[in-house]
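This report concerns only the one structure given below.
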There are 4 protein chains.
Amino acid sequence: MNSFGRIFRVHIFGESHGESVGIVIDGCPAGLSLSEEDLLPDLERRKGGKQKGTTPRQEADYPFFKSGVFNGKTTGAPITILFENNNTRSGDYEKQRSFPRPGHADMVAHQKYGGNEDYRGGGHFSARLTTGLVAAGAIAKKLMPGVNIAAAVTEIGGETDLEKGLQKAIDAKDSIGGLVECRVNGLPVGLGEPFFDSVESQLAHIAFAIPAVKGVEFGSGFAAAKMFGTQHNDAIENMEGKTRSNHAGGVVGGISNGNELVYRIAIKPTASTPKEQSSLNWETGQVENFSVKGRHDLCVALRAPVILEAATAVALVDLYLLEQHSKRVVSS
Amino acid sequence: MNSFGRIFRVHIFGESHGESVGIVIDGCPAGLSLSEEDLLPDLERRKGGKQKGTTPRQEADYPFFKSGVFNGKTTGAPITILFENNNTRSGDYEKQRSFPRPGHADMVAHQKYGGNEDYRGGGHFSARLTTGLVAAGAIAKKLMPGVNIAAAVTEIGGETDLEKGLQKAIDAKDSIGGLVECRVNGLPVGLGEPFFDSVESQLAHIAFAIPAVKGVEFGSGFAAAKMFGTQHNDAIENMEGKTRSNHAGGVVGGISNGNELVYRIAIKPTASTPKEQSSLNWETGQVENFSVKGRHDLCVALRAPVILEAATAVALVDLYLLEQHSKRVVSS
Amino acid sequence: MNSFGRIFRVHIFGESHGESVGIVIDGCPAGLSLSEEDLLPDLERRKGGKQKGTTPRQEADYPFFKSGVFNGKTTGAPITILFENNNTRSGDYEKQRSFPRPGHADMVAHQKYGGNEDYRGGGHFSARLTTGLVAAGAIAKKLMPGVNIAAAVTEIGGETDLEKGLQKAIDAKDSIGGLVECRVNGLPVGLGEPFFDSVESQLAHIAFAIPAVKGVEFGSGFAAAKMFGTQHNDAIENMEGKTRSNHAGGVVGGISNGNELVYRIAIKPTASTPKEQSSLNWETGQVENFSVKGRHDLCVALRAPVILEAATAVALVDLYLLEQHSKRVVSS
Amino acid sequence: MNSFGRIFRVHIFGESHGESVGIVIDGCPAGLSLSEEDLLPDLERRKGGKQKGTTPRQEADYPFFKSGVFNGKTTGAPITILFENNNTRSGDYEKQRSFPRPGHADMVAHQKYGGNEDYRGGGHFSARLTTGLVAAGAIAKKLMPGVNIAAAVTEIGGETDLEKGLQKAIDAKDSIGGLVECRVNGLPVGLGEPFFDSVESQLAHIAFAIPAVKGVEFGSGFAAAKMFGTQHNDAIENMEGKTRSNHAGGVVGGISNGNELVYRIAIKPTASTPKEQSSLNWETGQVENFSVKGRHDLCVALRAPVILEAATAVALVDLYLLEQHSKRVVSS
């Protein structure tokens with residue numbers, strides 16, 4: 001399903017080179033002040049072409065509210081946000097249709113949908129779909145006023161000096177991968193459920209929905225596999241659950257523990273590299289050399305922070321609204 | 001919710017030291033041959049005490065079918081499987097109730113449930129709950145006869161020589177973390193959905209439901225963040241989508257691509273280490289030294305493979321049943 | 001799916017003549033006082049054999065808590081309640097297996113599940129499954145202390161003098177239908193959602209899950225189809241939304257309006273009538289005369305009130321918990 | 001939630017006098033031929049102003065595909081359909097804002113959403129939202145080629161001569177209620193699930209989502225409450241499950257039995273009657289006389305058949321796709 005969430009529930013739709021992309025948000029409480037302008041800063045951060053290493057494709061990315069907002073406030077009814085696709089150059093894709101691009105969904109989409117998929121620019125699989133997610137994230141952030149969510153690129157091509165990492169790619173005329181870390185402060189204790197709806201399960205679920213993500217780790221993450229218990233355990237220091245260290249990354253037993261939530265995602269190099277590749281030609285049935293046309297990011301990790309923040313906000317606000325309710329019932 | 005899946009849907013329940021643990025499985029097709037014996041091999045693999053480094057707690061772990069099976073076959077109605085808890089020693093936990101154990105859910109459970117949680121042996125947060133999951137996994141495996149799912153520990157405490165890694169823990173009188181890898185062969189092309197219900201999203205969701213998991217990565221995983229595009233891209237070699245390399249780990253655009261599915265999880269060291277720790281004493285409000293009582297695994301990663309296989313099977317069979325239906329419709 | 005609800009979520013399972021019937025309740029808030037005894041009064045009301053016209057089958061119907069309750073309170077973890085089947089006489093059913101009973105699920109179950117269904121006593125289709133629902137209903141009622149839910153039989157065989165209606169059936173040696181009305185007082189304003197999750201949609205959904213229900217109507221119900229607008233409209237009399245009349249039955253636009261909720265269900269005569277019938281014999285392929293064996297209710301409507309109350313409580317508590325949360329957010 | 005369905009899943013949105021109304025359809029199989037023109041006949045049937053007794057408000061109701069359709073076929077990605085609102089006269093509603101209209105959602109919407117609701121023309125509660133449902137219904141019908149769904153008004157104001165019933169309303173200068181019956185032929189045996197997801201539960205759920213519906217009954221419906229078992233039971237006549245009579249209305253034990261599916265809904269008189277009413281004035285806090293402004297249907301039942309067909313198609317196609325999948329698994 002193209003849906004996520006139980007209380008605050010989003011449904012995304014659209015294609016890269018179709019009419020539009022967008023999102024429907026169900027379960028946003030009524031009475032939240034909301035205008036298109038509230039969404040622009042995060043949408044601006046998501047755009048390509050703003051920095052070295054990102055796609056030159058420029059879209060206005062203006063969020064048109066089609067429902068759910070009245071007199072500058074949310075009404076409690078579903079909010080529909082539409083983004084028009086204007087700056088499409090589908091011709092680029094028609095030309096190389098015979099090569100299902102390695103690392104892209106072209107081949108699986110063709111097999112799964114029996115050839116009916118909209119293949120232009122990746123169609124429904126395009127990272128352009130994250131525009132709607134970023135809009136939903138901006139709304140989710142507004143619903144959690146005391147919670148601060150901030151993501152940043154921490155490595156490009158294995159370099160923590162990001163400029164240096166990017167230069168490696170430019171020099172190699174190749175695309176490159178990167179790491180993005182997300183930190184959340186001010187999150188209440190008690191979000192998430194044991195087992196299937198743990199905070200990690202929810203965040204990993206939505207993080208892996210972001211194109212190009214290959215790994216997700218919380219707190220100490222993969223390093224934990226090399227550690228001893230006494231090294232890893234975070235000693236509890238007070239009755240609020242403050243811990244001395246934070247190897248847990250703010251989640252224990254699937255539940256937020258009131259410490260900083262910390263998690264990281266690994267992003268693979270953009271599949272559409274400018275370098276020549278050899279792969280199957282559908283028409284000839286032979287493996288041949290070809291170059292990917294179209295406008296692409298050299299390092300998609302650079303555009304990922306605001307998308308990861310949005311994904312995080314969307315997942316957390318759902319648990320947040322859910323827990324608010326439960327807490328009250330318990331205490332009544 | 002304590003539920004997972006859309007078509008093949010599991011609901012787990014139970015507490016470590018309560019009456020029982022178990023699972024309800026909804027959506028299992030009718031007519032599958034099924035007896036308790038079918039579940040015993042995987043349940044046996046999950047048990048502690050079978051190998052060095054695992055808990056001496058011994059439970060019969062016999063799966064009682066309470067519904068859904070008739071004359072040795074599934075009926076199409078929900079299957080309920082109950083495991084009795086017999087070998088409980090709750091006294092161990094009562095004694096140290098004043099210390100919310102670091103790395104355990106004691107503290108967050110107390111805060112989330114207002115002190116009403118069953119705290120004995122971790123209660124509902126206990127890894128004992130995975131018994132039900134392993135049973136469901138064994139059924140899920142039977143529903144996908146051509147699909148082979150196999151997980152194994154690949155590292156303990158950073159050592160690929162597992163004996164050596166375990167010895168480090170025994171020498172240090174401490175618990176230790178590890179890596180587990182799962183490989184799936186024979187999976188059809190086309191499972192999963194773009195975005196929210198990608199194969200990675202579903203598998204990571206359920207993998208992070210397994211206690212002690214701190215990271216999940218597919219194919220090249222975190223190493224992808226250091227790679228160039230031409231290194232990472234898997235060249236397609238034939239019309240079935242067979243690729244030369246498999247950095248993708250068998251999933252592209254969220255969809256299975258017919259190559260081997262490969263993913264890994266990082267497991268933290270058991271929180272209940274035999275070594276003395278210092279942490280908050282609820283009664284005194286002070287940070288004090290204490291030792292965790294109870295029977296525990298030195299390295300939980302050792303018991304994780306069959307659990308990861310089960311989680312994998314449960315997530316995949318849901319996508320498998322879903323896709324079977326879609327494919328047929330497309331082709332009709 | 002055998003599940004109902006979003007926040008307070010129930011999963012039923014079991015077969016009439018299998019091991020057991022039961023229910024898993026997910027999302028029940030922690031801290032609610034709960035013992036098996038709390039469930040007995042409603043379970044007692046559901047039992048057959050207590051009054052003229054109901055089945056002589058006697059089951060202890062004792063609710064065994066298998067999870068989710070600790071020290072006399074709910075823990076916040078899933079509550080599993082199991083009822084054992086002891087008083088089964090499956091032999092009755094084996095004898096007449098060749099006749100798929102008219103008005104029963106025998107035929108469709110056979111077709112849907114390919115002959116793998118547990119056919120004894122209706123199997124999973126049996127009204128015995130409502131035992132779990134009644135238990136869940138008793139818990140749901142406890143969660144809404146100010147809300148009063150009361151259902152009663154209002155007609156048997158078209159007679160409002162119930163004794164008279166039942167006598168008609170006894171005289172005719174035939175089973176007979178009836179009407180049951182449910183009234184809910186103390187329900188807050190604002191439960192339910194516009195369109196798909198209206199109060200009527202939710203209540204009708206669960207009411208039609210009760211075996212033998214053929215119709216559901218709210219307030220004026222089918223009589224509304226004969227009325228003029230000025231007759232039907234309920235004039236609003238004060239700022240709390242109190243209306244002069246109550247043709248709406250307490251729901252407007254899908255939302256509870258603070259007036260008494262009133263709805264009715266039509267229950268068909270028990271399909272298992274003691275009278276001889278003619279229907280298909282599977283073995284001969286011919287239509288033949290036969291009599292239904294087994295122990296049955298002459299008028300199932302007599303046992304329906306407590307089941308309808310439970311269904312109502314389960315559906316309303318879900319909307320109630322959901323709305324509590326939304327309200328708080330709006331007001332914050 | 002503003003969603004319905006498990007496999008074929010619809011999400012509606014919009015407001016009567018806002019930017020637009022529309023629907024997102026998730027889970028529609030790829031490869032179905034689809035153009036806007038396919039939807040026009042049913043949308044035309046839904047329109048007001050086409051016949052005596054319906055609203056003079058005229059909207060173009062042209063369905064704009066915003067996603068999910070490419071080269072005249074569905075792609076397997078979510079289908080978004082948008083309808084613009086052009087012919088709005090919100091001034092009518094501003095004038096009488098002080099009177100929460102009896103029988104309308106004005107009062108409950110105000111209470112539920114804390115005054116943030118879009119009140120113009122009923123906002124999100126408007127029957128105009130059914131435009132999206134009718135579009136989805138037209139698509140659902142196309143997915144079940146052998147299934148015929150036909151609904152018709154069978155009574156107006158208690159008269160089976162519909163002209164006569166409508167004249168009663170015109171003479172009385174009042175709105176009036178009616179009955180609508182839906183018949184489905186060609187439905188396969190085995191759709192639906194026992195208990196919560198019975199065919200009746202699903203159809204009643206979505207039927208009660210249609211504004212103004214007060215009752216739903218299947219087959220014999222409320223008349224069943226007056227009948228004997230031998231009268232009501234439908235004798236089975238052959239191995240396919242064909243029955244002599246059809247009191248069941250095509251559903252037994254919650255499962256379709258291969259006979260004609262028959263059900264009826266009761267529709268109350270339009271709340272917005274032209275006649276003067278007395279009700280609360282919010283501003284004065286007094287009960288006063290007033291007349292409803294705006295353009296309304298005298299008898300909304302007249303526009304209901306195509307909406308009921310659409311609701312029926314949307315609910316059935318979901319069970320249909322679900323069952324196709326199950327069947328195949330059973331038989332493999």
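Numbering starts fresh at 1 for the residues of each chain in the structure tokens, the chains themselves are lettered A, B, ... in the order given, and ligands are numbered from 1 as they appear.
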
(message) Using only C-alpha atoms, I'd like every residue of chain B that has an atom within 12 Å of chain D; please write them out as a ChimeraX atom specification.
(response) /B:5-8,26-33,73-78,143-145,193-195,317-332

(message) Env of stretch 222-237 of chain D: 8 Å cut, atoms = only C-alpha atoms, seq-sep filter 5 positions within chain, self excluded. Answer as an MDAnalysis selection string.
(response) (chainID C and resid 102:103 155:158 169 174:179 214:215 265:273 275 277:280 286:287) or (chainID D and resid 217 242:248)

Now that the selection is made, can you save its residues with N, CA, C and O atoms as a compact mmCIF listing (two decimals), in the first residue's frame?
# COMPACT_ATOMS: atom_id res chain seq x y z
N PRO C 102 -29.54 -25.96 5.01
CA PRO C 102 -30.03 -24.70 4.44
C PRO C 102 -29.95 -23.59 5.49
O PRO C 102 -30.23 -23.83 6.67
N GLY C 103 -29.56 -22.41 5.07
CA GLY C 103 -29.48 -21.27 5.99
C GLY C 103 -28.20 -21.27 6.80
O GLY C 103 -27.92 -20.32 7.54
N GLU C 155 -39.35 -7.78 19.79
CA GLU C 155 -40.38 -8.52 19.05
C GLU C 155 -39.90 -9.94 18.80
O GLU C 155 -38.73 -10.16 18.49
N ILE C 156 -40.80 -10.90 18.89
CA ILE C 156 -40.52 -12.26 18.42
C ILE C 156 -41.61 -12.63 17.44
O ILE C 156 -42.81 -12.52 17.76
N GLY C 157 -41.21 -13.03 16.25
CA GLY C 157 -42.20 -13.44 15.25
C GLY C 157 -43.26 -12.38 15.01
O GLY C 157 -44.43 -12.69 14.78
N GLY C 158 -42.87 -11.11 15.10
CA GLY C 158 -43.81 -10.03 14.85
C GLY C 158 -44.64 -9.63 16.06
O GLY C 158 -45.43 -8.68 15.99
N ALA C 169 -43.84 -20.29 17.95
CA ALA C 169 -42.78 -21.17 17.46
C ALA C 169 -42.90 -22.55 18.07
O ALA C 169 -42.78 -23.58 17.38
N ASP C 174 -41.28 -25.01 15.13
CA ASP C 174 -40.40 -24.38 14.15
C ASP C 174 -39.59 -23.30 14.88
O ASP C 174 -39.95 -22.87 15.98
N SER C 175 -38.49 -22.90 14.29
CA SER C 175 -37.72 -21.78 14.85
C SER C 175 -38.37 -20.47 14.39
O SER C 175 -39.22 -20.47 13.50
N ILE C 176 -37.94 -19.35 15.00
CA ILE C 176 -38.61 -18.09 14.72
C ILE C 176 -37.64 -16.91 14.87
O ILE C 176 -36.66 -17.00 15.62
N GLY C 177 -37.90 -15.82 14.10
CA GLY C 177 -37.03 -14.65 14.13
C GLY C 177 -37.45 -13.62 15.16
O GLY C 177 -38.45 -13.80 15.85
N GLY C 178 -36.67 -12.54 15.26
CA GLY C 178 -37.00 -11.51 16.24
C GLY C 178 -36.25 -10.22 16.00
O GLY C 178 -35.36 -10.14 15.14
N LEU C 179 -36.63 -9.20 16.76
CA LEU C 179 -35.99 -7.88 16.69
C LEU C 179 -35.27 -7.59 18.00
O LEU C 179 -35.80 -7.89 19.08
N LYS C 214 -29.98 -9.88 9.73
CA LYS C 214 -30.36 -9.61 8.33
C LYS C 214 -30.58 -8.12 8.05
O LYS C 214 -30.71 -7.73 6.89
N GLY C 215 -30.68 -7.31 9.11
CA GLY C 215 -30.90 -5.88 8.89
C GLY C 215 -30.46 -5.07 10.08
O GLY C 215 -30.44 -5.56 11.22
N ILE C 265 -31.60 -4.39 15.28
CA ILE C 265 -31.19 -5.42 14.32
C ILE C 265 -32.31 -6.44 14.15
O ILE C 265 -33.05 -6.75 15.10
N ALA C 266 -32.44 -6.92 12.91
CA ALA C 266 -33.41 -7.98 12.61
C ALA C 266 -32.66 -9.31 12.60
O ALA C 266 -31.62 -9.43 11.97
N ILE C 267 -33.21 -10.27 13.34
CA ILE C 267 -32.58 -11.58 13.42
C ILE C 267 -33.48 -12.63 12.79
O ILE C 267 -34.66 -12.74 13.12
N LYS C 268 -32.92 -13.36 11.88
CA LYS C 268 -33.70 -14.37 11.16
C LYS C 268 -33.97 -15.56 12.10
O LYS C 268 -33.29 -15.73 13.12
N PRO C 269 -34.97 -16.37 11.75
CA PRO C 269 -35.20 -17.58 12.55
C PRO C 269 -33.98 -18.51 12.49
O PRO C 269 -33.31 -18.56 11.46
N THR C 270 -33.70 -19.21 13.59
CA THR C 270 -32.58 -20.15 13.60
C THR C 270 -32.66 -21.07 12.38
O THR C 270 -33.73 -21.63 12.10
N ALA C 271 -31.57 -21.19 11.68
CA ALA C 271 -31.57 -22.04 10.48
C ALA C 271 -31.84 -23.50 10.85
O ALA C 271 -32.50 -24.23 10.12
N SER C 272 -31.33 -23.91 12.01
CA SER C 272 -31.55 -25.29 12.45
C SER C 272 -32.91 -25.43 13.12
O SER C 272 -33.02 -25.37 14.33
N THR C 273 -33.94 -25.59 12.31
CA THR C 273 -35.29 -25.77 12.83
C THR C 273 -35.53 -27.26 13.10
O THR C 273 -34.99 -28.11 12.37
N LYS C 275 -38.14 -28.81 12.47
CA LYS C 275 -39.05 -29.32 11.44
C LYS C 275 -38.28 -29.95 10.28
O LYS C 275 -37.19 -29.52 9.94
N GLN C 277 -37.06 -30.64 6.61
CA GLN C 277 -36.86 -29.77 5.45
C GLN C 277 -36.45 -30.63 4.26
O GLN C 277 -36.00 -31.75 4.44
N SER C 278 -36.54 -30.05 3.07
CA SER C 278 -35.99 -30.77 1.92
C SER C 278 -34.87 -29.94 1.34
O SER C 278 -34.99 -28.72 1.19
N SER C 279 -33.76 -30.57 1.07
CA SER C 279 -32.59 -29.86 0.52
C SER C 279 -31.65 -30.89 -0.10
O SER C 279 -31.89 -32.10 -0.03
N LEU C 280 -30.58 -30.38 -0.68
CA LEU C 280 -29.63 -31.24 -1.39
C LEU C 280 -28.95 -32.24 -0.47
O LEU C 280 -28.52 -31.90 0.63
N GLN C 286 -29.19 -35.47 -4.90
CA GLN C 286 -30.63 -35.25 -5.02
C GLN C 286 -31.16 -34.36 -3.90
O GLN C 286 -30.58 -34.30 -2.81
N VAL C 287 -32.26 -33.69 -4.15
CA VAL C 287 -32.97 -32.97 -3.09
C VAL C 287 -33.80 -33.98 -2.31
O VAL C 287 -34.58 -34.73 -2.91
N GLU D 217 -30.62 -3.64 4.81
CA GLU D 217 -31.09 -5.00 5.03
C GLU D 217 -30.76 -5.88 3.84
O GLU D 217 -30.76 -5.45 2.70
N LYS D 242 -27.04 -23.42 -5.79
CA LYS D 242 -28.25 -22.70 -6.23
C LYS D 242 -29.37 -23.01 -5.25
O LYS D 242 -29.60 -24.16 -4.89
N THR D 243 -30.08 -21.97 -4.80
CA THR D 243 -31.17 -22.19 -3.84
C THR D 243 -32.53 -21.92 -4.49
O THR D 243 -32.63 -21.13 -5.43
N ARG D 244 -33.55 -22.58 -3.94
CA ARG D 244 -34.91 -22.46 -4.49
C ARG D 244 -35.44 -21.04 -4.29
O ARG D 244 -35.82 -20.36 -5.21
N SER D 245 -35.43 -20.58 -3.04
CA SER D 245 -35.80 -19.20 -2.73
C SER D 245 -34.52 -18.43 -2.44
O SER D 245 -33.43 -19.00 -2.49
N ASN D 246 -34.63 -17.14 -2.16
CA ASN D 246 -33.42 -16.36 -1.87
C ASN D 246 -33.64 -15.38 -0.73
O ASN D 246 -33.40 -14.17 -0.85
N HIS D 247 -34.15 -15.91 0.38
CA HIS D 247 -34.33 -15.05 1.56
C HIS D 247 -33.00 -14.57 2.10
O HIS D 247 -32.92 -13.53 2.75
N ALA D 248 -31.97 -15.35 1.87
CA ALA D 248 -30.65 -14.97 2.37
C ALA D 248 -30.11 -13.76 1.63
O ALA D 248 -29.23 -13.06 2.14

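The gap separating atom CA of D:Val292 from atom CA of D:Gly121 is 11.2 Å, in Å to one decimal.
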
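Excluding C:Gly122 itself and same-chain residues fewer than 5 positions from it, the residues having an atom within 10 Å of it are Glu15, Ser16, His17, Tyr93, Arg101, His104, Ala105, Asp106, Ala109, Glu117, Ala127 and Arg128 of chain C; Gly253 of chain D, counting only C-alpha atoms.
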
The selected residues should be written to file as a JSON list (two decimals), in the first residue's frame (atoms: C-alpha atoms).
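What landed in part.json:
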[["chain", "number", "residue", "atom", "x", "y", "z"],
["C", 15, "GLU", "CA", -14.30, -23.49, 16.37],
["C", 16, "SER", "CA", -17.51, -24.78, 17.87],
["C", 17, "HIS", "CA", -16.26, -28.33, 18.42],
["C", 93, "TYR", "CA", -22.94, -33.57, 12.89],
["C", 101, "ARG", "CA", -27.89, -27.40, 6.09],
["C", 104, "HIS", "CA", -26.13, -22.43, 7.41],
["C", 105, "ALA", "CA", -22.59, -21.86, 6.16],
["C", 106, "ASP", "CA", -21.95, -25.57, 5.46],
["C", 109, "ALA", "CA", -17.58, -23.01, 3.77],
["C", 117, "GLU", "CA", -13.17, -26.48, 6.90],
["C", 127, "ALA", "CA", -22.31, -18.47, 17.15],
["C", 128, "ARG", "CA", -20.17, -19.98, 19.88],
["D", 253, "GLY", "CA", -22.47, -17.14, 7.08]]

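Of note, atom CA of A:Ala138 and atom CA of B:Asn2 are spaced 28.9 Å apart.
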
(message) Can you tell me which residues surround D:Val153 at a distance of at most 10 Å, considering only C-alpha atoms, apart from same-chain residues fewer than 3 positions away, and format the answer as a list in words?
(response) Ile156, Thr160, Leu162, Gly178, Leu179, Val180, Glu181, Cys182, Arg264, Ile265, Ala301, Leu302, Arg303, Ala304 and Pro305 of chain D

(message) Using DSSP secondary structure from the backbone, list all alpha helix (DSSP H) positions within stretch 170-322 of chain C, as a ChimeraX atom specification.
(response) /C:170-172,199-207,229-232,304-322

(request) Would you please work out which residue, of B:Lys142, B:His205, B:Arg9, B:His124, is nearest to C:Ser67 when using only C-alpha atoms? (result)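 Result for the nearest residue to C:Ser67: B:His124.
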
(request) Could you please write out, as a ChimeraX atom specification, every residue of stretch 61-129 of chain A that DSSP assigns to strand (DSSP E or B)? (result) /A:64-67,69-70,73-74,79-84

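With only C-alpha atoms as the atoms that count, the minimum distance from A:Gly254 to the choices B:Ala209, B:Val300, B:Leu316, B:Val216 is reached by B:Ala209.
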
(request) Would you kindly return, as a ChimeraX atom specification, each protein, DNA or RNA residue with an atom no farther than 12 Å from any atom of C:Val184, considering only C-alpha atoms and excluding same-chain residues fewer than 3 positions away? (result) /C:141,144,146-152,181,187-188,218-219,249-251,256,258-264,308-310,312-313,316

(message) List the spatial neighbours of C:Ile170 as number ranges by chain - criterion: any atom at most 10 Å away, only C-alpha atoms, same-chain residues fewer than 6 positions off excluded.
(response) C: 52-53, 164, 176, 298-299

(request) Work out how far apart atom CA of A:Pro41 and atom CA of A:His11 are and give it in Å to one decimal. (result)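 Straight-line distance from atom CA of A:Pro41 to atom CA of A:His11 works out to 21.9 Å.
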
Residue contacts of D:Asp61 (12 Å, only C-alpha atoms) excluding same-chain residues fewer than 5 positions away, as a tab-separated table (two decimals) with C-alpha atoms, in the first residue's frame:
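selection-v4.tsv written:
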chain	number	residue	atom	x	y	z
D	20	SER	CA	-11.97	20.22	-5.04
D	21	VAL	CA	-13.22	16.79	-4.12
D	22	GLY	CA	-11.52	13.59	-5.16
D	36	GLU	CA	-11.85	9.65	-18.21
D	37	GLU	CA	-14.66	8.77	-20.61
D	39	LEU	CA	-16.21	7.27	-15.77
D	40	LEU	CA	-18.56	9.78	-17.37
D	41	PRO	CA	-21.73	7.66	-17.67
D	42	ASP	CA	-21.90	6.93	-13.94
D	43	LEU	CA	-20.84	10.47	-13.04
D	44	GLU	CA	-23.61	11.76	-15.28
D	45	ARG	CA	-26.14	9.53	-13.51
D	46	ARG	CA	-25.01	10.97	-10.15
D	47	LYS	CA	-25.49	14.59	-11.18
D	48	GLY	CA	-28.31	16.72	-9.86
D	81	ILE	CA	-8.92	11.58	-9.53
D	82	LEU	CA	-9.73	15.21	-8.92
D	83	PHE	CA	-12.99	17.08	-9.44
D	84	GLU	CA	-12.94	20.85	-9.38
D	85	ASN	CA	-15.60	22.81	-7.56
D	86	ASN	CA	-16.71	25.66	-9.75
D	87	ASN	CA	-20.39	26.24	-9.25
D	128	ARG	CA	-20.64	15.99	-3.14
D	129	LEU	CA	-17.83	13.77	-1.79
D	130	THR	CA	-19.62	10.81	-3.34
D	131	THR	CA	-18.37	12.01	-6.75
D	132	GLY	CA	-15.04	10.37	-6.03
D	134	VAL	CA	-18.76	7.01	-8.07
D	135	ALA	CA	-15.53	7.29	-10.06
